[in-house]
file upload-v5.txt (compact mmCIF, C-alpha atoms)
# COMPACT_ATOMS: atom_id res chain seq x y z
CA MET A 292 -13.47 -93.38 111.99
CA SER A 293 -14.53 -91.82 108.69
CA LYS A 294 -13.18 -88.43 107.72
CA PRO A 295 -15.33 -85.31 108.11
CA VAL A 296 -16.93 -84.07 104.90
CA ALA A 297 -17.32 -80.51 103.61
CA ALA A 298 -19.56 -79.91 100.59
CA ILE A 299 -18.93 -76.94 98.28
CA VAL A 300 -22.19 -75.56 96.90
CA GLY A 301 -23.44 -72.43 95.16
CA ARG A 302 -24.85 -71.07 91.94
CA PRO A 303 -23.16 -71.88 88.59
CA ASN A 304 -19.94 -70.02 87.79
CA THR A 305 -19.21 -68.65 91.25
CA GLY A 306 -15.83 -70.42 91.29
CA LYS A 307 -16.67 -73.59 93.21
CA SER A 308 -14.51 -75.85 91.08
CA THR A 309 -11.60 -73.42 91.10
CA PHE A 310 -11.78 -73.32 94.90
CA PHE A 311 -12.05 -77.11 95.03
CA ASN A 312 -9.00 -77.58 92.80
CA ALA A 313 -6.99 -75.08 94.83
CA LEU A 314 -7.71 -77.07 98.00
CA ALA A 315 -7.10 -80.43 96.34
CA GLY A 316 -3.83 -79.24 94.85
CA GLU A 317 -4.58 -80.71 91.45
CA LYS A 318 -6.97 -80.29 88.56
CA ILE A 319 -9.64 -82.76 89.62
CA SER A 320 -12.79 -80.81 88.88
CA ILE A 321 -13.57 -79.35 85.48
CA VAL A 322 -13.19 -75.57 85.31
CA GLU A 323 -14.93 -73.89 82.38
CA ASP A 324 -16.86 -70.66 81.87
CA THR A 325 -19.88 -72.54 80.53
CA PRO A 326 -22.64 -72.86 83.18
CA GLY A 327 -23.34 -76.47 84.09
CA VAL A 328 -19.90 -77.86 83.28
CA THR A 329 -19.42 -79.43 86.73
CA ARG A 330 -22.27 -81.90 86.62
CA ASP A 331 -21.57 -84.46 89.34
CA ARG A 332 -20.13 -84.56 92.81
CA ILE A 333 -16.36 -84.83 92.95
CA TYR A 334 -14.49 -85.99 96.03
CA ALA A 335 -10.97 -85.24 97.27
CA ASP A 336 -9.15 -85.75 100.54
CA VAL A 337 -7.42 -82.64 101.89
CA SER A 338 -5.93 -81.46 105.17
CA TRP A 339 -5.75 -78.20 107.10
CA LEU A 340 -3.87 -77.77 110.38
CA ASP A 341 -3.38 -81.54 110.59
CA ARG A 342 -7.12 -82.17 110.20
CA GLU A 343 -7.84 -84.50 107.32
CA PHE A 344 -11.23 -84.24 105.66
CA THR A 345 -13.04 -84.84 102.40
CA ILE A 346 -14.32 -82.06 100.18
CA ILE A 347 -17.15 -82.52 97.70
CA ASP A 348 -17.48 -80.31 94.65
CA THR A 349 -21.00 -80.07 93.22
CA GLY A 350 -22.78 -78.81 90.17
CA GLY A 351 -24.15 -75.27 90.41
CA ILE A 352 -27.58 -74.88 92.00
CA GLU A 353 -30.30 -73.15 89.97
CA PRO A 354 -33.22 -73.32 92.46
CA GLU A 355 -36.07 -72.61 90.01
CA SER A 356 -34.64 -74.14 86.82
CA LYS A 357 -36.77 -76.65 84.90
CA ASP A 358 -33.85 -77.66 82.67
CA VAL A 359 -33.33 -81.42 83.08
CA ILE A 360 -29.56 -81.21 83.61
CA LEU A 361 -29.72 -78.24 86.01
CA THR A 362 -32.53 -79.93 87.91
CA GLN A 363 -30.47 -83.08 88.36
CA MET A 364 -27.45 -80.98 89.33
CA ARG A 365 -29.58 -79.46 92.09
CA GLU A 366 -30.50 -82.95 93.26
CA GLN A 367 -26.83 -83.96 93.27
CA ALA A 368 -25.98 -80.91 95.37
CA GLN A 369 -28.73 -81.83 97.82
CA ILE A 370 -27.33 -85.36 98.14
CA ALA A 371 -23.89 -83.85 98.78
CA MET A 372 -25.33 -81.59 101.47
CA GLU A 373 -26.94 -84.59 103.16
CA THR A 374 -23.54 -86.32 103.15
CA ALA A 375 -21.61 -83.34 104.52
CA ASP A 376 -20.74 -82.31 108.07
CA VAL A 377 -20.18 -78.71 106.95
CA ILE A 378 -21.38 -76.81 103.86
CA ILE A 379 -19.24 -74.16 102.16
CA PHE A 380 -21.49 -71.76 100.24
CA ILE A 381 -19.53 -70.02 97.45
CA THR A 382 -20.89 -66.68 96.20
CA ASP A 383 -19.56 -64.12 93.69
CA VAL A 384 -18.67 -60.62 94.88
CA ARG A 385 -18.76 -59.31 91.31
CA GLN A 386 -22.38 -60.34 90.83
CA GLY A 387 -23.41 -59.25 94.31
CA VAL A 388 -26.22 -60.84 96.29
CA THR A 389 -28.80 -62.25 93.86
CA ASP A 390 -32.31 -63.60 94.31
CA ALA A 391 -30.91 -67.03 93.53
CA ASP A 392 -28.37 -66.64 96.36
CA HIS A 393 -31.23 -65.98 98.77
CA GLU A 394 -33.03 -69.09 97.53
CA VAL A 395 -29.90 -71.21 97.92
CA ALA A 396 -29.39 -69.77 101.40
CA ASP A 397 -32.94 -70.80 102.33
CA MET A 398 -32.22 -74.31 101.03
CA LEU A 399 -29.04 -74.48 103.12
CA ARG A 400 -30.81 -73.34 106.28
CA ARG A 401 -33.32 -76.16 105.82
CA SER A 402 -30.45 -78.66 105.70
CA ARG A 403 -29.73 -77.84 109.37
CA LYS A 404 -26.02 -78.22 108.68
CA PRO A 405 -23.31 -75.68 109.63
CA VAL A 406 -22.88 -73.27 106.68
CA ILE A 407 -19.69 -71.27 106.02
CA LEU A 408 -20.29 -68.38 103.64
CA ALA A 409 -17.44 -67.65 101.21
CA VAL A 410 -17.47 -64.56 98.98
CA ASN A 411 -15.25 -65.40 96.01
CA LYS A 412 -13.36 -63.26 93.47
CA VAL A 413 -12.30 -60.72 96.09
CA ASP A 414 -9.00 -59.52 94.62
CA ASN A 415 -8.70 -56.43 96.82
CA PHE A 416 -10.47 -56.53 100.18
CA ARG A 417 -10.01 -52.85 100.91
CA LYS A 418 -11.71 -51.79 97.70
CA GLN A 419 -14.37 -54.49 97.86
CA GLN A 420 -15.01 -54.46 101.62
CA MET A 421 -18.49 -52.95 101.38
CA ASP A 422 -19.40 -55.41 98.60
CA VAL A 423 -18.39 -58.29 100.88
CA PHE A 424 -20.40 -56.93 103.81
CA GLU A 425 -23.49 -56.94 101.58
CA PHE A 426 -23.54 -60.75 101.91
CA TYR A 427 -24.49 -60.45 105.60
CA ASN A 428 -27.99 -59.99 104.13
CA LEU A 429 -28.12 -63.71 103.38
CA GLY A 430 -28.46 -64.36 107.11
CA LEU A 431 -25.74 -67.02 107.19
CA GLY A 432 -23.33 -65.22 109.46
CA GLU A 433 -19.91 -63.81 108.67
CA PRO A 434 -18.93 -63.77 104.97
CA TYR A 435 -15.33 -64.86 104.36
CA PRO A 436 -13.68 -63.02 101.42
CA ILE A 437 -11.54 -65.27 99.24
CA SER A 438 -9.98 -65.43 95.81
CA ALA A 439 -10.06 -69.00 94.54
CA GLU A 440 -8.04 -67.99 91.49
CA GLY A 441 -5.43 -66.22 93.59
CA LYS A 442 -5.58 -68.80 96.40
CA SER A 443 -5.97 -66.11 99.04
CA GLY A 444 -8.18 -65.84 102.10
CA PHE A 445 -8.37 -69.60 102.58
CA GLY A 446 -6.92 -69.66 106.11
CA ASP A 447 -9.74 -67.99 108.02
CA LEU A 448 -12.32 -69.85 105.94
CA LEU A 449 -10.81 -73.27 106.61
CA ASP A 450 -10.37 -72.45 110.30
CA ALA A 451 -14.13 -71.87 110.42
CA VAL A 452 -14.80 -75.09 108.50
CA ILE A 453 -12.76 -77.42 110.72
CA ALA A 454 -14.18 -75.76 113.85
CA HIS A 455 -17.45 -77.54 113.03
CA PHE A 456 -15.90 -80.98 112.62
CA PRO A 457 -16.36 -83.59 115.33
CA ASP A 458 -13.58 -83.29 117.91
CA GLU A 459 -12.07 -86.67 117.22
CA ASN A 460 -8.47 -87.50 116.47
CA ALA A 461 -8.90 -91.15 115.54
CA GLN A 462 -6.12 -92.45 113.34
CA GLU A 463 -7.28 -93.09 109.82
CA GLU A 464 -6.50 -96.54 108.52
CA GLU A 465 -5.29 -97.08 105.00
CA ASP A 466 -8.20 -97.53 102.63
CA ASP A 467 -7.93 -101.15 101.50
CA ARG A 468 -11.42 -101.34 100.03
CA PRO A 469 -11.45 -102.74 96.48
CA LYS A 470 -11.65 -99.94 93.90
CA ILE A 471 -13.67 -100.71 90.81
CA ALA A 472 -13.56 -98.37 87.79
CA VAL A 473 -16.63 -98.43 85.54
CA ILE A 474 -15.55 -97.36 82.06
CA GLY A 475 -17.01 -97.36 78.58
CA LYS A 476 -18.42 -95.24 75.79
CA PRO A 477 -21.08 -92.58 76.42
CA ASN A 478 -24.56 -93.98 77.07
CA ALA A 479 -23.40 -97.57 77.48
CA GLY A 480 -25.11 -97.56 80.87
CA LYS A 481 -22.25 -97.00 83.33
CA SER A 482 -24.11 -94.57 85.56
CA SER A 483 -27.31 -96.63 85.38
CA ILE A 484 -25.42 -99.67 86.64
CA ILE A 485 -24.06 -97.76 89.64
CA ASN A 486 -27.45 -96.22 90.36
CA ARG A 487 -29.00 -99.68 90.34
CA LEU A 488 -26.31 -101.09 92.62
CA THR A 489 -26.50 -98.23 95.12
CA GLY A 490 -30.26 -97.75 95.06
CA GLU A 491 -29.93 -93.96 94.91
CA ASN A 492 -29.84 -91.49 92.05
CA ARG A 493 -26.13 -91.15 92.59
CA VAL A 494 -24.92 -90.22 89.09
CA ILE A 495 -26.61 -87.98 86.58
CA VAL A 496 -28.35 -90.05 83.89
CA SER A 497 -29.97 -88.49 80.84
CA ASP A 498 -30.27 -89.15 77.13
CA VAL A 499 -27.53 -86.63 76.36
CA ALA A 500 -24.31 -88.49 75.54
CA GLY A 501 -21.47 -87.67 77.90
CA THR A 502 -23.55 -86.28 80.75
CA THR A 503 -21.19 -87.85 83.28
CA ARG A 504 -18.23 -85.53 82.87
CA ASP A 505 -16.07 -86.37 85.90
CA ALA A 506 -14.84 -89.51 87.62
CA ILE A 507 -16.66 -89.87 90.94
CA ASP A 508 -16.55 -92.41 93.76
CA THR A 509 -19.42 -94.31 95.34
CA VAL A 510 -19.18 -96.78 98.21
CA VAL A 511 -21.38 -99.85 97.83
CA THR A 512 -21.74 -102.62 100.41
CA HIS A 513 -22.51 -106.15 99.27
CA LYS A 514 -22.67 -109.08 101.70
CA GLY A 515 -20.82 -107.06 104.32
CA ARG A 516 -17.96 -105.99 102.04
CA ASP A 517 -17.39 -102.40 100.91
CA TYR A 518 -16.50 -101.60 97.32
CA VAL A 519 -15.51 -98.20 95.95
CA LEU A 520 -17.09 -97.77 92.51
CA ILE A 521 -15.43 -95.18 90.30
CA ASP A 522 -17.82 -93.89 87.63
CA THR A 523 -16.00 -92.28 84.72
CA ALA A 524 -16.90 -90.04 81.83
CA GLY A 525 -17.86 -91.89 78.67
CA LEU A 526 -14.74 -92.08 76.55
CA ARG A 527 -15.08 -90.79 73.00
CA ARG A 528 -13.08 -91.14 69.83
CA LYS A 529 -10.57 -88.32 69.40
CA SER A 530 -12.44 -87.04 66.34
CA LYS A 531 -15.46 -86.36 68.54
CA ILE A 532 -13.57 -84.59 71.31
CA SER A 533 -14.23 -81.00 70.33
CA GLU A 534 -14.38 -79.38 73.76
CA ASP A 535 -11.66 -79.05 76.39
CA ILE A 536 -14.07 -80.52 78.93
CA GLU A 537 -14.20 -83.74 76.91
CA ARG A 538 -10.40 -83.93 76.90
CA TYR A 539 -10.38 -83.51 80.66
CA SER A 540 -12.90 -86.34 80.91
CA VAL A 541 -10.71 -88.73 78.92
CA ILE A 542 -7.68 -87.91 81.05
CA ARG A 543 -9.72 -88.46 84.19
CA ALA A 544 -11.02 -91.78 82.91
CA VAL A 545 -7.48 -92.99 82.30
CA SER A 546 -6.54 -91.75 85.76
CA ALA A 547 -9.51 -93.61 87.26
CA VAL A 548 -8.31 -96.86 85.71
CA ASP A 549 -4.83 -96.16 87.02
CA ARG A 550 -6.06 -96.08 90.63
CA CYS A 551 -8.50 -98.98 90.43
CA ASP A 552 -8.03 -102.66 91.19
CA VAL A 553 -10.60 -103.93 88.69
CA ALA A 554 -11.97 -102.20 85.59
CA ILE A 555 -15.45 -102.97 84.32
CA VAL A 556 -15.81 -102.15 80.64
CA VAL A 557 -19.49 -101.59 79.90
CA ILE A 558 -20.55 -102.53 76.38
CA ASP A 559 -23.87 -101.68 74.78
CA ALA A 560 -25.38 -105.04 73.78
CA VAL A 561 -27.69 -103.41 71.24
CA GLU A 562 -24.82 -101.65 69.47
CA GLY A 563 -22.44 -104.57 69.82
CA ILE A 564 -18.69 -104.68 70.46
CA THR A 565 -16.82 -101.92 68.63
CA GLU A 566 -13.27 -100.78 67.97
CA GLN A 567 -13.77 -98.01 70.50
CA ASP A 568 -14.70 -100.61 73.13
CA ALA A 569 -11.42 -102.35 72.37
CA LYS A 570 -9.47 -99.12 72.85
CA ILE A 571 -11.16 -98.53 76.19
CA ALA A 572 -10.49 -102.10 77.34
CA GLY A 573 -6.90 -101.60 76.20
CA ILE A 574 -6.49 -98.85 78.79
CA ALA A 575 -7.20 -101.33 81.59
CA HIS A 576 -5.19 -104.11 79.94
CA ASN A 577 -2.11 -101.93 79.51
CA ALA A 578 -2.39 -100.83 83.13
CA GLY A 579 -2.43 -104.45 84.25
CA LYS A 580 -5.80 -104.19 85.98
CA GLY A 581 -8.35 -106.88 86.59
CA LEU A 582 -10.78 -106.78 83.68
CA ILE A 583 -14.49 -107.54 83.43
CA ILE A 584 -16.54 -107.03 80.28
CA ALA A 585 -20.11 -106.17 81.29
CA VAL A 586 -22.48 -106.49 78.33
CA ASN A 587 -25.29 -104.16 79.35
CA LYS A 588 -28.84 -103.85 77.96
CA TRP A 589 -28.93 -107.61 77.37
CA ASP A 590 -32.68 -107.51 78.00
CA ALA A 591 -33.11 -105.44 74.81
CA VAL A 592 -31.46 -108.03 72.55
CA LYS A 593 -33.52 -110.58 70.62
CA LYS A 594 -32.08 -113.93 71.57
CA ASP A 595 -32.00 -117.57 70.58
CA ASP A 596 -29.94 -120.51 71.83
CA HIS A 597 -26.79 -119.22 70.13
CA THR A 598 -26.97 -115.47 70.83
CA MET A 599 -24.83 -115.41 73.98
CA LYS A 600 -22.15 -117.67 72.52
CA GLU A 601 -21.99 -115.66 69.30
CA PHE A 602 -21.70 -112.39 71.22
CA THR A 603 -19.02 -113.91 73.46
CA ASP A 604 -17.05 -115.05 70.41
CA LYS A 605 -17.22 -111.52 68.96
CA VAL A 606 -15.98 -110.04 72.21
CA ARG A 607 -13.13 -112.56 72.44
CA SER A 608 -12.16 -111.84 68.84
CA THR A 609 -12.25 -108.06 69.18
CA LEU A 610 -10.49 -108.14 72.57
CA SER A 611 -8.02 -110.86 71.65
CA PHE A 612 -5.28 -109.06 73.60
CA ALA A 613 -7.38 -109.47 76.77
CA TYR A 614 -8.53 -113.04 76.25
CA TYR A 615 -8.41 -113.56 80.02
CA ALA A 616 -11.17 -110.99 80.70
CA GLU A 617 -14.32 -112.20 82.41
CA ILE A 618 -17.56 -111.58 80.50
CA ILE A 619 -20.95 -111.08 82.12
CA PHE A 620 -24.28 -110.26 80.48
CA ILE A 621 -26.38 -107.83 82.52
CA SER A 622 -29.19 -105.31 82.42
CA ALA A 623 -29.05 -102.15 84.51
CA LEU A 624 -32.71 -101.55 83.66
CA THR A 625 -34.06 -104.84 85.01
CA GLY A 626 -31.23 -105.72 87.40
CA GLN A 627 -30.53 -108.95 85.50
CA ARG A 628 -27.37 -110.66 86.84
CA LEU A 629 -26.20 -107.53 88.67
CA PRO A 630 -25.75 -109.45 91.96
CA LYS A 631 -23.48 -111.86 90.07
CA LEU A 632 -21.33 -108.88 89.11
CA PHE A 633 -20.03 -108.73 92.68
CA ASP A 634 -19.14 -112.42 92.63
CA THR A 635 -17.22 -111.83 89.41
CA ILE A 636 -15.43 -108.85 90.95
CA ASP A 637 -14.45 -110.95 93.98
CA ASN A 638 -13.08 -113.71 91.75
CA VAL A 639 -11.01 -111.24 89.73
CA LEU A 640 -9.72 -109.54 92.89
CA GLU A 641 -8.68 -112.90 94.30
CA ALA A 642 -6.89 -113.81 91.07
CA SER A 643 -5.09 -110.47 90.81
CA THR A 644 -3.69 -110.80 94.34
CA LEU A 645 -2.86 -114.51 94.25
CA ARG A 646 0.73 -115.39 95.15
CA ILE A 647 2.30 -118.71 94.18
CA GLN A 648 5.23 -120.17 96.09
CA THR A 649 8.36 -120.49 94.01
CA GLY A 650 8.60 -124.24 94.55
CA VAL A 651 5.05 -124.88 93.40
CA LEU A 652 5.51 -122.52 90.46
CA ASN A 653 8.61 -124.36 89.27
CA ASP A 654 6.85 -127.71 89.50
CA ILE A 655 4.37 -126.36 86.93
CA LEU A 656 7.28 -124.99 84.88
CA THR A 657 8.97 -128.40 84.85
CA GLN A 658 5.77 -130.11 83.70
CA ALA A 659 5.19 -127.46 81.03
CA THR A 660 8.69 -127.75 79.53
CA ALA A 661 8.41 -131.55 79.56
CA MET A 662 5.14 -131.41 77.59
CA GLN A 663 6.43 -128.83 75.10
CA GLN A 664 10.14 -128.42 74.65
CA PRO A 665 11.50 -124.85 74.71
CA PRO A 666 12.32 -123.40 71.27
CA SER A 667 15.75 -123.40 69.68
CA ASP A 668 17.49 -121.36 67.01
CA LYS A 669 20.54 -122.32 64.94
CA GLY A 670 21.32 -125.22 67.21
CA ARG A 671 21.06 -123.21 70.44
CA ARG A 672 18.12 -124.18 72.67
CA LEU A 673 16.37 -122.02 75.23
CA LYS A 674 17.06 -123.12 78.79
CA ILE A 675 14.70 -122.00 81.54
CA TYR A 676 16.40 -122.18 84.91
CA TYR A 677 13.58 -121.17 87.19
CA MET A 678 10.68 -118.79 87.70
CA THR A 679 9.55 -116.73 90.67
CA GLN A 680 6.65 -114.40 91.37
CA VAL A 681 7.72 -110.88 92.33
CA ALA A 682 4.47 -108.88 92.48
CA VAL A 683 0.67 -108.87 92.43
CA LYS A 684 -1.89 -106.52 90.82
CA PRO A 685 -1.08 -107.83 88.28
CA PRO A 686 0.69 -111.08 89.16
CA THR A 687 4.22 -110.62 87.82
CA PHE A 688 6.76 -113.37 87.24
CA VAL A 689 10.47 -113.29 86.50
CA ILE A 690 11.81 -116.08 84.29
CA PHE A 691 15.56 -116.72 84.28
CA VAL A 692 16.87 -118.09 80.98
CA ASN A 693 20.13 -118.57 79.15
CA ASP A 694 19.23 -116.34 76.18
CA LYS A 695 16.37 -113.81 76.07
CA LYS A 696 16.32 -113.85 72.27
CA LEU A 697 15.25 -117.48 72.31
CA MET A 698 12.23 -116.74 74.51
CA HIS A 699 9.64 -116.41 71.76
CA PHE A 700 6.32 -114.70 72.47
CA SER A 701 4.45 -117.89 71.60
CA TYR A 702 6.32 -119.87 74.24
CA THR A 703 5.74 -117.19 76.87
CA ARG A 704 2.04 -117.38 76.03
CA TYR A 705 2.19 -121.17 76.36
CA LEU A 706 3.72 -120.90 79.84
CA GLU A 707 1.13 -118.28 80.75
CA ASN A 708 -1.69 -120.61 79.74
CA GLN A 709 -0.20 -123.43 81.81
CA ILE A 710 -0.02 -121.18 84.87
CA ARG A 711 -3.56 -119.93 84.31
CA ASP A 712 -4.88 -123.47 84.03
CA ALA A 713 -3.03 -124.60 87.13
CA PHE A 714 -3.91 -121.73 89.45
CA GLY A 715 -7.14 -120.32 88.06
CA TYR A 716 -5.93 -116.88 87.06
CA ARG A 717 -9.11 -115.47 85.49
CA GLY A 718 -9.91 -111.86 84.81
CA THR A 719 -6.40 -110.58 85.43
CA ALA A 720 -3.43 -109.89 83.22
CA LEU A 721 -0.18 -111.72 83.95
CA ARG A 722 3.18 -110.05 83.44
CA PHE A 723 6.39 -111.87 82.57
CA ILE A 724 9.89 -110.47 82.86
CA VAL A 725 12.61 -112.49 81.12
CA ARG A 726 16.17 -112.18 82.43
CA GLU A 727 19.33 -113.76 81.16
CA ARG A 728 21.56 -115.67 83.50
CA GLU A 729 24.73 -117.59 82.88
CA GLU A 730 24.29 -121.32 83.19
CA LYS A 731 26.98 -121.60 85.86
CA GLU A 732 25.18 -118.95 87.94
CA SER A 733 22.01 -121.02 87.96
CA LYS A 734 23.66 -123.96 89.68
call {"tool": "encode", "arguments": {"input": "upload-v5.txt", "output": "structure tokens"}}
result
Amino acid sequence: MSKPVAAIVGRPNTGKSTFFNALAGEKISIVEDTPGVTRDRIYADVSWLDREFTIIDTGGIEPESKDVILTQMREQAQIAMETADVIIFITDVRQGVTDADHEVADMLRRSRKPVILAVNKVDNFRKQQMDVFEFYNLGLGEPYPISAEGKSGFGDLLDAVIAHFPDENAQEEEDDRPKIAVIGKPNAGKSSIINRLTGENRVIVSDVAGTTRDAIDTVVTHKGRDYVLIDTAGLRRKSKISEDIERYSVIRAVSAVDRCDVAIVVIDAVEGITEQDAKIAGIAHNAGKGLIIAVNKWDAVKKDDHTMKEFTDKVRSTLSFAYYAEIIFISALTGQRLPKLFDTIDNVLEASTLRIQTGVLNDILTQATAMQQPPSDKGRRLKIYYMTQVAVKPPTFVIFVNDKKLMHFSYTRYLENQIRDAFGYRGTALRFIVREREEKESK
């Protein structure tokens, strides 16, 4: 049984994100005084009185705005409202009831969803009581005074919220759906890819670089299997990060990679592979995640018989540390090869969770050491006693040897290549831990 959903909506700068973060218990949503900073829906799982539910933070609603970003924010809020079981309408006691509040209230009534009216920034209810009562004029029922900054007044509000949830106490199962982080530079096409895959205008897309400011989750079903796609803010070089909101975005992108199973690094085919692309791919590599390089906008590249091979060689050269990464050439605009992206994801997921029995693994080790003798130094030769796999995501192996200093990087890479060839580890990093063991202990 899926968790109930509550969407937080309201005009810009009424404190929606502050309220969201207070409920979530961490700084998930961007909080800034600039109108329009929270641009996409943000999700978090919270609980109140043993009821678990999901809250959605949205961009501020400007009902009559013609601004392209504000218009799309309004559309995002509408999508969130359609998703929600209950809507929490955040207003600002300091600004009082505005014409825009009335317009938002009308929009909420048309949604035919339960609406809980919260009046934010109430620091002293006694002094501001009459100001709070003014919000009865919106025709949405009782206004609940809260202070998102001071984290007060939440109890009565949340009691009202969960009262509208379905009366079901089904046990939630652990979410084992594959989590796929879509990362890359601004305007590489990350959001366009997700929009194409989901078939809905799920993530704000515009020509303004960095318009996706937060990491957000989308569930996509392909051939009966659910995938959670994590869309992240376009990472920028440090020299270009001039606003706090950009710094938050970078942190969130790194966090998104940390909680994913597979990272898709989107590269702009027209611009080509860059140093910044390598740094972004390095985030996933260092985290030990499955790695796919999606070369987007391939339809816009003039091609001949050698174009794809030449581009692949450039990617392999620039991302030499992640030589195992899978590469796929796609177009979010035309949909070229996007269905194959899921097949690639499945292959990488399978590789990253593959476990090899110790006996089979040591058969490969024996063959490998017979074909290429372990290195020696000053008359002392490396002895490899045995190897065993201890973890997945990424596959991690412990190698027991007589002297760690003799285990050169080049020989570890050789053993890695032998294991990859034998078991088909593609698209995933492999980790090796070398431990010393006395020869008599190995017998």
call {"tool": "atom_distance", "arguments": {"input": "upload-v5.txt", "atom1": "CA of Val511 (chain A)", "atom2": "CA of Asp552 (chain A)"}}
result
15.2 Å
call {"tool": "atom_distance", "arguments": {"input": "upload-v5.txt", "atom1": "CA of Leu399 (chain A)", "atom2": "CA of Leu488 (chain A)"}}
result
28.7 Å
call {"tool": "atom_distance", "arguments": {"input": "upload-v5.txt", "atom1": "CA of Val592 (chain A)", "atom2": "CA of Val561 (chain A)"}}
result
6.1 Å
call {"tool": "residues_around", "arguments": {"input": "upload-v5.txt", "residues": "region 641-643 of chain A", "least_positions_apart": "4", "cutoff": "7 Å", "atoms": "all atoms listed in the file", "output": "list of chain:residue names"}}
result
A:Gly581, A:Asp637, A:Val683, A:Lys684, A:Pro685, A:Pro686, A:Tyr716, A:Arg717, A:Thr719
call {"tool": "residues_around", "arguments": {"input": "upload-v5.txt", "residues": "Val639 (chain A)", "least_positions_apart": "6", "cutoff": "12 Å", "atoms": "only C-alpha atoms", "output": "list of chain:residue names"}}
result
A:Pro469, A:Ile471, A:Asp552, A:Val553, A:Ala554, A:Ile555, A:Lys580, A:Gly581, A:Leu582, A:Ile583, A:Ile584, A:Tyr615, A:Ala616, A:Glu617, A:Ile618, A:Leu632, A:Phe633, A:Leu645, A:Lys684, A:Pro685, A:Pro686, A:Gly715, A:Tyr716, A:Arg717, A:Gly718, A:Thr719, A:Ala720
call {"tool": "residues_around", "arguments": {"input": "upload-v5.txt", "residues": "Arg400 (chain A)", "least_positions_apart": "6", "cutoff": "12 Å", "atoms": "all atoms listed in the file", "output": "list of chain:residue names"}}
result
A:Met372, A:Val377, A:Ile378, A:Phe380, A:His393, A:Glu394, A:Val406, A:Ile407, A:Leu408, A:Leu429, A:Gly430, A:Leu431, A:Gly432
call {"tool": "write_last_selection", "arguments": {"input": "upload-v5.txt", "atoms": "C-alpha atoms", "output": "PDB file, in the coordinates of the input"}}
result
ATOM      1  CA  MET A 372     -25.330 -81.590 101.470  1.00  0.00           C
ATOM      2  CA  VAL A 377     -20.180 -78.710 106.950  1.00  0.00           C
ATOM      3  CA  ILE A 378     -21.380 -76.810 103.860  1.00  0.00           C
ATOM      4  CA  PHE A 380     -21.490 -71.760 100.240  1.00  0.00           C
ATOM      5  CA  HIS A 393     -31.230 -65.980  98.770  1.00  0.00           C
ATOM      6  CA  GLU A 394     -33.030 -69.090  97.530  1.00  0.00           C
ATOM      7  CA  VAL A 406     -22.880 -73.270 106.680  1.00  0.00           C
ATOM      8  CA  ILE A 407     -19.690 -71.270 106.020  1.00  0.00           C
ATOM      9  CA  LEU A 408     -20.290 -68.380 103.640  1.00  0.00           C
ATOM     10  CA  LEU A 429     -28.120 -63.710 103.380  1.00  0.00           C
ATOM     11  CA  GLY A 430     -28.460 -64.360 107.110  1.00  0.00           C
ATOM     12  CA  LEU A 431     -25.740 -67.020 107.190  1.00  0.00           C
ATOM     13  CA  GLY A 432     -23.330 -65.220 109.460  1.00  0.00           C
TER      14      GLY A 432
END
call {"tool": "residues_near_point", "arguments": {"input": "upload-v5.txt", "point": "(13.5, -117.7, 83.8)", "cutoff": "7 Å", "atoms": "all atoms listed in the file", "output": "ChimeraX atom specification"}}
result
/A:675-678,689-692,725-726
